[in-house]
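Source file: my_file.cif (mmCIF, C-alpha atoms)
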```
data_my_file
#
loop_
_atom_site.label_atom_id
_atom_site.label_comp_id
_atom_site.auth_asym_id
_atom_site.auth_seq_id
_atom_site.Cartn_x
_atom_site.Cartn_y
_atom_site.Cartn_z
CA MET I 1 31.24 -19.37 3.51
CA ASP I 2 29.90 -16.25 1.76
CA ASN I 3 27.37 -13.86 3.31
CA THR I 4 24.38 -15.46 1.57
CA GLN I 5 25.29 -18.94 2.78
CA ALA I 6 25.85 -17.61 6.29
CA LEU I 7 22.38 -16.02 6.26
CA ALA I 8 20.82 -19.30 5.09
CA VAL I 9 22.49 -21.11 8.00
CA LYS I 10 21.44 -18.53 10.56
CA TYR I 11 17.92 -18.11 9.13
CA PRO I 12 16.93 -21.40 7.43
CA GLN I 13 13.94 -19.89 5.62
CA VAL I 14 16.32 -17.67 3.64
CA LYS I 15 17.18 -20.80 1.66
CA ASP I 16 13.49 -21.18 0.76
CA LEU I 17 13.47 -17.55 -0.38
CA MET I 18 16.54 -18.21 -2.53
CA ASN I 19 14.77 -21.22 -4.08
CA GLU I 20 11.59 -19.20 -4.75
CA THR I 21 9.63 -21.58 -2.52
CA PRO I 22 6.41 -20.11 -1.05
CA ILE I 23 6.75 -19.72 2.71
CA PHE I 24 4.90 -18.62 5.82
CA TRP I 25 7.21 -16.64 8.09
CA LYS I 26 6.11 -15.92 11.63
CA ASN I 27 7.84 -12.91 13.15
CA PRO I 28 9.61 -14.04 16.36
CA ASP I 29 9.57 -10.49 17.76
CA TYR I 30 5.82 -9.95 17.31
CA GLY I 31 4.08 -8.44 20.33
CA GLN I 32 7.21 -7.46 22.22
CA SER I 33 7.49 -3.96 23.65
CA ALA I 34 9.48 -1.46 21.60
CA LYS I 35 10.08 2.26 21.31
CA LEU I 36 8.46 3.48 18.10
CA PRO I 37 9.40 6.59 16.09
CA PHE I 38 5.73 7.56 15.62
CA SER I 39 2.75 7.89 17.94
CA LYS I 40 -1.03 7.85 18.01
CA GLU I 41 -0.87 11.65 18.21
CA ASP I 42 0.88 11.74 14.81
CA ILE I 43 -2.06 9.83 13.32
CA LEU I 44 -4.63 12.16 14.88
CA ASP I 45 -2.71 15.18 13.57
CA ALA I 46 -2.94 13.68 10.09
CA VAL I 47 -6.68 13.08 10.51
CA ALA I 48 -7.11 16.75 11.38
CA ARG I 49 -5.15 17.79 8.28
CA TRP I 50 -7.32 15.56 6.06
CA ASP I 51 -10.38 17.22 7.63
CA ARG I 52 -9.04 20.71 6.93
CA PHE I 53 -8.47 19.81 3.27
CA ALA I 54 -11.88 18.18 2.77
CA PRO I 55 -13.48 21.35 1.29
CA PHE I 56 -10.61 21.65 -1.23
CA ILE I 57 -10.78 17.95 -2.14
CA GLU I 58 -14.54 18.13 -2.61
CA ALA I 59 -14.18 21.18 -4.87
CA ALA I 60 -11.21 19.85 -6.86
CA PHE I 61 -12.35 16.25 -7.28
CA PRO I 62 -16.10 15.95 -7.99
CA GLU I 63 -16.00 12.18 -7.39
CA THR I 64 -15.50 12.91 -3.67
CA LYS I 65 -18.62 15.10 -3.38
CA LYS I 66 -20.89 12.41 -1.92
CA MET I 67 -18.26 11.78 0.79
CA HIS I 68 -17.81 15.55 1.35
CA GLY I 69 -14.15 15.46 0.42
CA VAL I 70 -13.27 12.41 2.49
CA ILE I 71 -11.07 9.90 0.67
CA GLU I 72 -12.03 6.47 1.98
CA SER I 73 -12.86 2.99 0.66
CA PRO I 74 -15.66 0.56 1.53
CA LEU I 75 -15.31 -2.54 3.69
CA ILE I 76 -17.16 -5.25 1.75
CA LYS I 77 -18.26 -8.65 3.07
CA LEU I 78 -17.35 -11.43 0.60
CA ASP I 79 -19.85 -14.22 1.23
CA GLN I 80 -19.74 -15.59 -2.31
CA MET I 81 -15.94 -15.35 -2.54
CA LYS I 82 -15.65 -17.18 0.78
CA LYS I 83 -17.87 -19.98 -0.54
CA ALA I 84 -15.75 -20.30 -3.71
CA TRP I 85 -12.57 -20.22 -1.60
CA ASN I 86 -13.87 -22.97 0.71
CA ASP I 87 -14.93 -25.14 -2.22
CA GLU I 88 -11.32 -25.45 -3.39
CA HIS I 89 -9.40 -25.68 -0.10
CA GLU I 90 -8.98 -28.66 2.18
CA THR I 91 -9.22 -26.51 5.33
CA PRO I 92 -12.36 -24.34 5.12
CA LEU I 93 -12.30 -20.76 6.36
CA ALA I 94 -14.48 -20.63 9.47
CA GLY I 95 -14.60 -16.89 10.05
CA SER I 96 -15.94 -13.97 8.04
CA LEU I 97 -14.16 -12.72 4.90
CA TYR I 98 -14.05 -9.05 3.90
CA LEU I 99 -12.38 -6.89 1.27
CA LYS I 100 -10.99 -3.48 2.23
CA ALA I 101 -11.47 -2.03 -1.22
CA ASP I 102 -8.71 0.56 -1.52
CA SER I 103 -8.98 -0.34 -5.20
CA GLU I 104 -11.98 2.02 -5.12
CA LEU I 105 -10.32 4.97 -3.40
CA PRO I 106 -10.98 8.22 -5.27
CA ILE I 107 -8.37 10.00 -7.42
CA SER I 108 -5.87 7.15 -7.96
CA GLY I 109 -7.92 4.00 -7.27
CA SER I 110 -5.28 2.57 -4.95
CA ILE I 111 -3.94 2.47 -1.40
CA LYS I 112 -1.42 5.10 -2.50
CA SER I 113 -4.20 7.70 -2.33
CA ARG I 114 -3.73 7.54 1.44
CA GLY I 115 -0.02 8.28 1.71
CA GLY I 116 0.74 9.95 -1.61
CA ILE I 117 -2.07 12.47 -1.54
CA TYR I 118 -1.52 13.13 2.16
CA GLU I 119 2.10 14.14 1.63
CA VAL I 120 1.07 16.44 -1.23
CA LEU I 121 -1.54 18.03 1.06
CA LYS I 122 1.00 18.59 3.82
CA PHE I 123 3.46 20.19 1.41
CA ALA I 124 0.72 22.37 -0.11
CA GLU I 125 -0.35 23.52 3.36
CA HIS I 126 3.25 24.43 4.21
CA VAL I 127 3.68 26.44 0.99
CA ALA I 128 0.29 28.16 1.39
CA MET I 129 1.08 29.18 4.97
CA THR I 130 4.67 30.34 4.38
CA LYS I 131 4.31 31.89 0.92
CA GLY I 132 0.62 32.77 1.10
CA THR I 133 -1.78 33.83 3.85
CA LEU I 134 -3.49 30.53 4.64
CA LYS I 135 -4.51 29.89 8.25
CA GLN I 136 -5.76 26.60 9.69
CA THR I 137 -9.13 28.24 10.43
CA ASP I 138 -9.67 29.14 6.73
CA ASN I 139 -11.88 27.20 4.38
CA TYR I 140 -9.23 25.34 2.39
CA ALA I 141 -11.34 25.52 -0.77
CA ILE I 142 -9.58 28.88 -1.32
CA LEU I 143 -6.49 26.88 -2.34
CA LYS I 144 -8.25 26.24 -5.63
CA SER I 145 -8.15 29.96 -6.46
CA PRO I 146 -5.98 31.42 -9.26
CA GLU I 147 -3.94 33.29 -6.66
CA TYR I 148 -2.84 30.11 -4.95
CA LYS I 149 -2.30 28.37 -8.29
CA GLN I 150 0.32 31.05 -9.01
CA VAL I 151 1.96 30.42 -5.63
CA PHE I 152 2.06 26.65 -6.15
CA ALA I 153 3.37 27.01 -9.71
CA GLN I 154 6.67 28.26 -8.28
CA TYR I 155 7.26 24.88 -6.66
CA GLY I 156 7.70 21.31 -7.85
CA VAL I 157 6.78 17.86 -6.58
CA MET I 158 8.76 14.82 -7.66
CA VAL I 159 8.30 11.10 -7.00
CA ALA I 160 9.62 7.74 -8.23
CA SER I 161 7.06 4.98 -8.67
CA THR I 162 6.09 1.81 -10.51
CA GLY I 163 2.62 3.26 -11.00
CA ASN I 164 0.08 3.71 -8.22
CA LEU I 165 2.05 6.13 -6.06
CA ALA I 166 2.75 8.04 -9.27
CA LEU I 167 -0.97 8.36 -9.97
CA SER I 168 -1.87 9.60 -6.50
CA VAL I 169 1.01 12.07 -6.21
CA GLY I 170 0.92 13.11 -9.85
CA ILE I 171 -2.81 13.83 -10.07
CA ALA I 172 -2.99 15.54 -6.67
CA ALA I 173 0.13 17.69 -7.14
CA SER I 174 -0.77 18.80 -10.66
CA THR I 175 -4.28 19.72 -9.47
CA PHE I 176 -2.78 22.16 -6.97
CA GLY I 177 -0.63 23.60 -9.77
CA PHE I 178 2.76 22.23 -8.74
CA LYS I 179 5.24 21.40 -11.49
CA THR I 180 5.00 17.64 -11.15
CA THR I 181 7.55 15.06 -12.32
CA VAL I 182 7.31 11.29 -11.98
CA TYR I 183 10.23 8.93 -12.52
CA MET I 184 9.04 5.44 -13.51
CA SER I 185 10.74 2.06 -13.83
CA ARG I 186 10.47 -0.26 -16.82
CA ASP I 187 7.66 -2.33 -15.26
CA ALA I 188 5.25 0.62 -15.03
CA LYS I 189 2.04 0.13 -17.03
CA GLU I 190 1.58 2.17 -20.20
CA TRP I 191 -1.95 3.19 -19.25
CA LYS I 192 -0.66 4.71 -16.01
CA LYS I 193 1.94 6.74 -17.88
CA ALA I 194 -0.73 7.95 -20.30
CA LYS I 195 -3.08 8.97 -17.48
CA LEU I 196 -0.33 10.96 -15.79
CA ARG I 197 0.60 12.78 -18.99
CA ALA I 198 -3.09 13.55 -19.59
CA ASN I 199 -3.06 15.29 -16.20
CA GLY I 200 -0.09 17.46 -17.10
CA VAL I 201 2.56 15.40 -15.33
CA ASP I 202 6.07 15.09 -16.76
CA VAL I 203 6.88 11.35 -16.91
CA VAL I 204 10.54 10.31 -17.01
CA GLU I 205 10.95 6.66 -18.03
CA LEU I 206 14.06 4.74 -16.99
CA ASP I 207 14.92 1.28 -18.30
CA THR I 208 15.79 -0.18 -14.91
CA ASP I 209 14.17 -1.69 -11.81
CA PHE I 210 12.36 0.44 -9.26
CA SER I 211 15.08 0.33 -6.60
CA SER I 212 17.47 1.93 -9.08
CA VAL I 213 14.99 4.63 -10.09
CA ILE I 214 14.55 6.14 -6.62
CA PRO I 215 18.18 7.32 -6.18
CA GLN I 216 18.15 8.98 -9.61
CA ALA I 217 14.91 10.81 -8.86
CA ARG I 218 16.14 11.77 -5.39
CA GLN I 219 19.30 13.28 -6.91
CA ALA I 220 17.34 15.21 -9.53
CA ALA I 221 15.06 16.68 -6.85
CA ALA I 222 18.03 17.68 -4.67
CA GLU I 223 19.29 19.97 -7.44
CA ASP I 224 16.30 22.33 -7.06
CA PRO I 225 15.48 23.77 -3.59
CA ASN I 226 11.90 24.46 -4.69
CA VAL I 227 11.21 20.78 -5.45
CA HIS I 228 9.72 18.50 -2.81
CA PHE I 229 10.72 14.86 -3.25
CA ILE I 230 8.29 12.20 -2.01
CA ASP I 231 10.53 9.34 -0.96
CA ASP I 232 8.83 5.94 -1.08
CA GLU I 233 11.81 4.38 0.68
CA GLY I 234 11.74 6.53 3.78
CA SER I 235 9.09 9.27 3.99
CA SER I 236 7.53 9.80 7.42
CA ASP I 237 4.65 11.78 5.89
CA LEU I 238 3.77 8.94 3.51
CA PHE I 239 3.86 6.52 6.43
CA ILE I 240 1.54 8.57 8.63
CA GLY I 241 -0.84 9.20 5.72
CA TYR I 242 -1.30 5.44 5.38
CA ALA I 243 -1.74 5.09 9.16
CA VAL I 244 -4.96 7.14 9.06
CA ALA I 245 -6.55 3.96 7.70
CA GLY I 246 -6.64 2.70 11.29
CA VAL I 247 -9.03 5.48 12.32
CA ARG I 248 -11.26 4.93 9.30
CA LEU I 249 -11.37 1.13 9.67
CA LYS I 250 -12.28 1.46 13.36
CA GLN I 251 -15.25 3.59 12.33
CA GLN I 252 -16.32 0.93 9.82
CA PHE I 253 -15.97 -1.82 12.44
CA ASP I 254 -18.21 0.14 14.80
CA LYS I 255 -20.78 0.77 12.08
CA GLN I 256 -20.83 -2.87 10.88
CA GLY I 257 -20.70 -4.41 14.35
CA ILE I 258 -17.34 -6.15 13.89
CA LYS I 259 -15.83 -7.07 17.25
CA VAL I 260 -12.10 -7.04 17.95
CA ASP I 261 -10.89 -8.70 21.16
CA ARG I 262 -9.08 -11.79 22.37
CA ASN I 263 -11.98 -14.03 21.32
CA HIS I 264 -12.65 -12.11 18.09
CA PRO I 265 -9.29 -11.74 16.29
CA VAL I 266 -9.03 -9.78 13.06
CA ILE I 267 -6.43 -10.85 10.50
CA VAL I 268 -5.50 -8.37 7.77
CA TYR I 269 -3.66 -9.45 4.61
CA LEU I 270 -1.64 -6.68 2.93
CA PRO I 271 0.37 -6.85 -0.32
CA ALA I 272 3.89 -5.48 0.20
CA GLY I 273 6.29 -3.94 -2.29
CA VAL I 274 8.68 -1.41 -0.79
CA GLY I 275 6.63 -1.93 2.38
CA GLY I 276 5.76 1.65 3.25
CA SER I 277 2.01 1.52 2.68
CA PRO I 278 1.28 -1.83 4.42
CA SER I 279 3.58 -0.82 7.29
CA GLY I 280 1.84 2.53 7.71
CA VAL I 281 -1.56 0.85 7.64
CA THR I 282 -0.42 -1.78 10.15
CA PHE I 283 0.94 0.89 12.48
CA GLY I 284 -2.40 2.69 12.31
CA LEU I 285 -4.36 -0.50 12.97
CA LYS I 286 -2.24 -1.33 16.01
CA MET I 287 -2.33 2.18 17.48
CA ILE I 288 -6.06 2.74 16.94
CA ILE I 289 -7.67 -0.73 17.09
CA GLY I 290 -5.26 -2.56 19.39
CA PRO I 291 -3.42 -5.84 19.96
CA TYR I 292 -6.03 -8.24 18.58
CA ILE I 293 -5.77 -7.11 14.98
CA HIS I 294 -2.93 -8.98 13.24
CA ALA I 295 -1.24 -8.03 9.96
CA ILE I 296 0.29 -10.46 7.48
CA PHE I 297 2.25 -9.15 4.49
CA CYS I 298 2.07 -10.89 1.10
CA GLU I 299 4.97 -10.82 -1.37
CA PRO I 300 5.94 -12.54 -4.64
CA THR I 301 8.46 -15.38 -4.36
CA HIS I 302 10.71 -13.49 -6.81
CA VAL I 303 10.60 -10.25 -4.78
CA PRO I 304 10.19 -10.94 -1.03
CA SER I 305 12.03 -7.77 -0.06
CA VAL I 306 10.31 -6.91 3.24
CA THR I 307 10.26 -10.56 4.35
CA LEU I 308 13.97 -10.91 3.61
CA GLY I 309 14.83 -7.66 5.37
CA MET I 310 12.82 -8.48 8.46
CA MET I 311 13.79 -12.15 8.64
CA THR I 312 17.50 -11.30 8.58
CA LYS I 313 17.05 -8.10 10.62
CA LEU I 314 19.04 -6.30 7.89
CA ASN I 315 15.95 -4.39 6.74
CA ASN I 316 16.86 -2.03 3.87
CA GLU I 317 20.52 -3.07 4.01
CA ILE I 318 19.73 -6.20 1.98
CA SER I 319 18.12 -6.62 -1.43
CA VAL I 320 16.53 -9.66 -3.07
CA PHE I 321 19.26 -9.40 -5.71
CA ASP I 322 21.80 -10.10 -2.96
CA ILE I 323 20.40 -13.64 -2.60
CA GLY I 324 20.25 -14.33 -6.33
CA LEU I 325 16.62 -13.51 -7.09
CA ASP I 326 15.67 -11.71 -10.30
CA GLY I 327 13.09 -9.33 -8.82
CA LYS I 328 10.62 -10.03 -11.64
CA THR I 329 6.91 -10.42 -10.98
CA ALA I 330 3.56 -9.91 -12.68
CA ALA I 331 2.55 -7.98 -9.56
CA ASP I 332 4.09 -4.76 -10.88
CA GLY I 333 3.32 -2.72 -7.76
CA LEU I 334 5.24 -5.23 -5.66
CA ALA I 335 8.35 -5.37 -7.86
CA VAL I 336 10.66 -3.65 -5.39
CA GLY I 337 13.97 -5.34 -4.60
CA ARG I 338 14.91 -3.33 -1.50
CA PRO I 339 12.47 -2.48 1.31
CA SER I 340 11.70 0.88 2.83
CA ARG I 341 14.07 2.33 5.42
CA ILE I 342 11.07 2.61 7.75
CA ALA I 343 9.13 -0.61 7.16
CA GLY I 344 11.24 -3.24 8.89
CA LYS I 345 12.26 -1.06 11.81
CA VAL I 346 8.72 -0.04 12.75
CA MET I 347 7.23 -3.45 11.95
CA ARG I 348 9.78 -5.32 14.08
CA THR I 349 7.22 -5.93 16.85
CA LEU I 350 3.98 -5.02 15.03
CA LEU I 351 3.91 -7.43 12.07
CA PHE I 352 2.57 -10.92 12.78
CA GLY I 353 4.32 -12.44 9.77
CA SER I 354 4.42 -12.76 6.01
CA VAL I 355 3.60 -15.13 3.18
CA THR I 356 5.23 -15.42 -0.25
CA PHE I 357 3.28 -16.53 -3.32
CA GLN I 358 3.87 -17.64 -6.89
CA ASP I 359 2.59 -15.24 -9.54
CA PRO I 360 -0.13 -17.38 -11.17
CA THR I 361 -2.17 -17.50 -7.96
CA ILE I 362 -2.90 -13.79 -7.98
CA TYR I 363 -4.50 -14.06 -11.43
CA LYS I 364 -6.68 -16.90 -10.15
CA TYR I 365 -7.94 -14.89 -7.19
CA GLU I 366 -8.36 -11.75 -9.26
CA ALA I 367 -10.66 -13.68 -11.62
CA GLN I 368 -12.48 -15.42 -8.77
CA LEU I 369 -13.23 -12.09 -7.09
CA MET I 370 -14.70 -10.76 -10.31
CA ASP I 371 -16.73 -13.91 -10.94
CA THR I 372 -18.18 -14.15 -7.43
CA GLU I 373 -18.51 -10.53 -6.28
CA ASN I 374 -18.18 -8.49 -9.52
CA ILE I 375 -15.26 -6.53 -8.03
CA THR I 376 -12.31 -5.46 -10.18
CA VAL I 377 -8.80 -5.36 -8.73
CA GLU I 378 -5.39 -5.48 -10.35
CA PRO I 379 -3.51 -8.78 -9.94
CA SER I 380 -1.17 -7.54 -7.19
CA ALA I 381 -4.20 -6.37 -5.20
CA ALA I 382 -5.45 -9.96 -4.99
CA ALA I 383 -2.25 -11.04 -3.22
CA GLY I 384 -3.95 -11.11 0.18
CA PHE I 385 -6.01 -14.13 -0.79
CA THR I 386 -2.82 -16.16 -1.25
CA ALA I 387 -2.06 -15.96 2.48
CA ILE I 388 -5.35 -17.14 3.98
CA ASP I 389 -4.73 -20.88 3.65
CA ARG I 390 -1.28 -20.71 5.25
CA ALA I 391 -2.50 -18.41 8.01
CA ILE I 392 -5.41 -20.59 9.14
CA THR I 393 -3.44 -23.84 8.94
CA GLU I 394 -0.29 -22.49 10.62
CA VAL I 395 -2.24 -20.53 13.28
CA PRO I 396 -5.37 -22.52 14.30
CA ALA I 397 -6.50 -19.66 16.59
CA PHE I 398 -7.13 -17.64 13.43
CA ASN I 399 -9.60 -20.18 12.07
CA THR I 400 -12.58 -19.83 14.37
CA ALA I 401 -16.12 -18.69 13.61
CA ASN I 402 -15.44 -15.50 15.59
CA ALA I 403 -12.43 -14.47 13.47
CA THR I 404 -12.60 -11.77 10.81
CA HIS I 405 -10.30 -11.93 7.77
CA ILE I 406 -9.72 -8.79 5.70
CA VAL I 407 -7.95 -8.84 2.34
CA TRP I 408 -6.63 -5.35 1.58
CA ALA I 409 -7.20 -4.70 -2.12
CA THR I 410 -4.56 -2.13 -2.97
CA GLY I 411 -5.57 -1.03 -6.49
CA GLY I 412 -7.31 -1.73 -9.75
CA SER I 413 -10.55 0.16 -10.30
CA MET I 414 -8.89 2.48 -12.83
CA MET I 415 -7.55 -0.35 -15.00
CA PRO I 416 -8.58 -0.10 -18.66
CA GLU I 417 -11.15 -2.71 -19.66
CA SER I 418 -8.72 -4.26 -22.14
CA GLU I 419 -6.16 -4.92 -19.35
CA ARG I 420 -8.82 -6.26 -17.04
CA ARG I 421 -10.00 -8.77 -19.65
CA VAL I 422 -6.46 -10.04 -20.26
CA ASP I 423 -5.83 -10.53 -16.54
CA HIS I 424 -9.23 -12.15 -16.04
CA ASP I 425 -8.62 -14.61 -18.86
CA LYS I 426 -5.29 -15.64 -17.29
CA GLY I 427 -7.06 -16.26 -14.02
CA GLU I 428 -9.98 -18.13 -15.57
CA ALA I 429 -7.52 -20.59 -17.13
CA LEU I 430 -6.33 -21.47 -13.62
CA LEU I 431 -9.73 -21.93 -11.97
#
```
In structure tokens, write the structure found in this file.
Amino acid sequence: MDNTQALAVKYPQVKDLMNETPIFWKNPDYGQSAKLPFSKEDILDAVARWDRFAPFIEAAFPETKKMHGVIESPLIKLDQMKKAWNDEHETPLAGSLYLKADSELPISGSIKSRGGIYEVLKFAEHVAMTKGTLKQTDNYAILKSPEYKQVFAQYGVMVASTGNLALSVGIAASTFGFKTTVYMSRDAKEWKKAKLRANGVDVVELDTDFSSVIPQARQAAAEDPNVHFIDDEGSSDLFIGYAVAGVRLKQQFDKQGIKVDRNHPVIVYLPAGVGGSPSGVTFGLKMIIGPYIHAIFCEPTHVPSVTLGMMTKLNNEISVFDIGLDGKTAADGLAVGRPSRIAGKVMRTLLFGSVTFQDPTIYKYEAQLMDTENITVEPSAAAGFTAIDRAITEVPAFNTANATHIVWATGGSMMPESERRVDHDKGEALL
């Protein structure tokens, strides 16, 4: 019996993953006590750093002016989308439905603005304090000055990405004046490459999958001591940047009167690729909001990397290619064959479960969201909608009038109109 067959015997749902069958996997370790490598204090430290940088962000990115340099997305109630969803499903959704529209985050229009930009800010602060004269009590808008541009120009920032992390890191780093290089896999969108180059970023294209790109970029960065590599497979700074979402969502809950307790559960649906961003967000939600907010990850049937890693407890030591999958999906941001080194380990007791979906469904929900609410997301950002039906049928406690369901839209507002129309037409054909 080979290793794959042994895994399928020990974990029967692995066979469903191998057959590309959509599944609902409930994490057997959910809610157990565990020692975590991060803390609530780490999140609050990150919040303070974001606050220090707000004057710089407001000055450097005019689109953040009305939010005074705060990078945050709206929480939108989807009454019309819920009605359309209920019209086509046998089990109606009893609770409220919301969209956490990270697709509208400033600068990169994706969830990656949280982690990617945060790590750039932390590196810039370190350089400015060690090679310049910056103090935490200064107005950080001074970092936009020609003097600091000269300081930053002596350093580089490098990242590997299928697209959205590239945009957030690339645009932010080049704005500071860092020499910025992005390594991209073959599934990266042309419009994202063009936008990066227009912002002065050096784009290196490799004809391979994303998991193979990261080691090459990591090696290139290691050859220059003045280059900071942002590692999507294992960066603590990326992770904590995403976790700040817990603080911001708690504020929105308070403002909108959304209750979270035993009788008012909140279920959050997060698309997962390498798993770093949804894991960071989930950690933040658990640390800040508490035990009655439950996260479910959503992955393509061809690339269920986090689900496979967590189900088998092998985490990043197993790839979807190891069980015979091709790793191909229309959800380009989720096309990652091997999960983050951090995701599975931290999510072991914090993730409620995961759902896998077939590609066509994300086009359907992307089109439905546009038709009912006039909200644009990229196909992978609609992945959360694919999990609702399984969640409320498999877990009846989630389908009460007091429950709140939040689909986390991870990107899409910066899509060119031509791309949006193509994706919408694919979805319309399925409605």
Check which residues of segment 342-364 of chain I sit at most 12 Å from segment 221-241 of chain I using only C-alpha atoms, and return one row each with the closest pair of atoms and their distance in Å to one decimal, ordered by chain and rising number, as a Markdown table.
```
| residue | atom | partner | partner_atom | distance |
| --- | --- | --- | --- | --- |
| I:Ile342 | CA | I:Gly234 | CA | 5.6 |
| I:Ala343 | CA | I:Gly234 | CA | 8.3 |
| I:Gly344 | CA | I:Gly234 | CA | 11.0 |
| I:Lys345 | CA | I:Gly234 | CA | 11.1 |
| I:Val346 | CA | I:Phe239 | CA | 10.3 |
| I:Met347 | CA | I:Phe239 | CA | 11.9 |
```
| message | As a check of understanding, name the residues that the PyMOL selection byres ((chain I and resi 209) around 10) selects in the supplied structure, as a PyMOL selection string. | response | chain I and resi 162+184-188+206-208+210-214+327-328+335-337
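Against the coordinates shown, the PyMOL selection byres ((chain I and resi 122-131) around 9) returns Ala46, Arg49, Phe53, Ile117, Tyr118, Glu119, Val120, Leu121, Gly132, Thr133, Leu134, Lys135, Gln136, Leu143, Tyr148, Val151, Phe152, Tyr155, Val157, Ala173, Phe176, Phe178, His228 and Asp237 of chain I.
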| query | Using the chain letters and numbers from the file, which residues does the PyMOL selection byres ((chain I and resi 317) around 12) grab, as a ChimeraX atom specification? | reply | /I:233,305-306,308-310,312-316,318-322,337-342,344-345
| Which of I:Asn263, I:Asn164, I:Asn199, I:Ser96 sits closest to Thr180 of chain I [using all atoms listed in the file] | I:Asn199
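For the residues I:Pro12, I:Gly284, I:Gly333, I:Gly273, ranking by smallest atom-to-atom distance to Arg248 of chain I using all atoms listed in the file places I:Gly284 first.
Of the residues listed (I:Tyr98, I:Tyr242, I:Ile293, I:Tyr365), I:Tyr242 shows the shortest atom-to-atom separation from Ser110 of chain I; distances use all atoms listed in the file.
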| task | Compare I:Ser174, I:Ser39, I:Gln358, I:Thr137 by their minimum atom-to-atom distance to Thr21 of chain I, counting all atoms listed in the file, and give me the closest one. | result | I:Gln358
| said: Between atom CA of Leu369 of chain I and atom CA of Ala382 of chain I, what is the distance in Å, rounded to a tenth? | reply: 8.3 Å
| field | Within 7 Å of Gly170 of chain I using only C-alpha atoms, minus same-chain residues under 5 positions, as a PyMOL selection string | value | chain I and resi 180+182+196+201
Incomplete segment 27-40 of chain I brought to N, CA and C atoms, written out as a JSON list (two decimals), in the frame of the given file:
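Produced file selection.json, reproduced below:
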```json
[["chain", "number", "residue", "atom", "x", "y", "z"],
["I", 27, "ASN", "N", 6.89, -13.84, 12.56],
["I", 27, "ASN", "CA", 7.84, -12.91, 13.15],
["I", 27, "ASN", "C", 8.10, -13.26, 14.62],
["I", 28, "PRO", "N", 9.32, -13.64, 14.98],
["I", 28, "PRO", "CA", 9.61, -14.04, 16.36],
["I", 28, "PRO", "C", 9.55, -12.89, 17.36],
["I", 29, "ASP", "N", 9.59, -11.65, 16.87],
["I", 29, "ASP", "CA", 9.57, -10.49, 17.76],
["I", 29, "ASP", "C", 8.18, -9.88, 17.92],
["I", 30, "TYR", "N", 7.18, -10.51, 17.30],
["I", 30, "TYR", "CA", 5.82, -9.95, 17.31],
["I", 30, "TYR", "C", 5.29, -9.82, 18.75],
["I", 31, "GLY", "N", 4.72, -8.66, 19.04],
["I", 31, "GLY", "CA", 4.08, -8.44, 20.33],
["I", 31, "GLY", "C", 5.00, -7.98, 21.44],
["I", 32, "GLN", "N", 6.30, -7.94, 21.19],
["I", 32, "GLN", "CA", 7.21, -7.46, 22.22],
["I", 32, "GLN", "C", 7.12, -5.93, 22.33],
["I", 33, "SER", "N", 7.53, -5.41, 23.48],
["I", 33, "SER", "CA", 7.49, -3.96, 23.65],
["I", 33, "SER", "C", 8.66, -3.33, 22.89],
["I", 34, "ALA", "N", 8.43, -2.14, 22.37],
["I", 34, "ALA", "CA", 9.48, -1.46, 21.60],
["I", 34, "ALA", "C", 9.18, 0.03, 21.56],
["I", 35, "LYS", "N", 10.23, 0.82, 21.47],
["I", 35, "LYS", "CA", 10.08, 2.26, 21.31],
["I", 35, "LYS", "C", 9.89, 2.56, 19.82],
["I", 36, "LEU", "N", 8.79, 3.22, 19.50],
["I", 36, "LEU", "CA", 8.46, 3.48, 18.10],
["I", 36, "LEU", "C", 8.72, 4.95, 17.75],
["I", 37, "PRO", "N", 9.09, 5.21, 16.49],
["I", 37, "PRO", "CA", 9.40, 6.59, 16.09],
["I", 37, "PRO", "C", 8.17, 7.45, 15.83],
["I", 38, "PHE", "N", 6.98, 6.83, 15.84],
["I", 38, "PHE", "CA", 5.73, 7.56, 15.62],
["I", 38, "PHE", "C", 4.77, 7.26, 16.77],
["I", 39, "SER", "N", 3.71, 8.05, 16.86],
["I", 39, "SER", "CA", 2.75, 7.89, 17.94],
["I", 39, "SER", "C", 1.32, 8.00, 17.44],
["I", 40, "LYS", "N", 0.39, 7.69, 18.32],
["I", 40, "LYS", "CA", -1.03, 7.85, 18.01],
["I", 40, "LYS", "C", -1.33, 9.31, 17.72]]
```
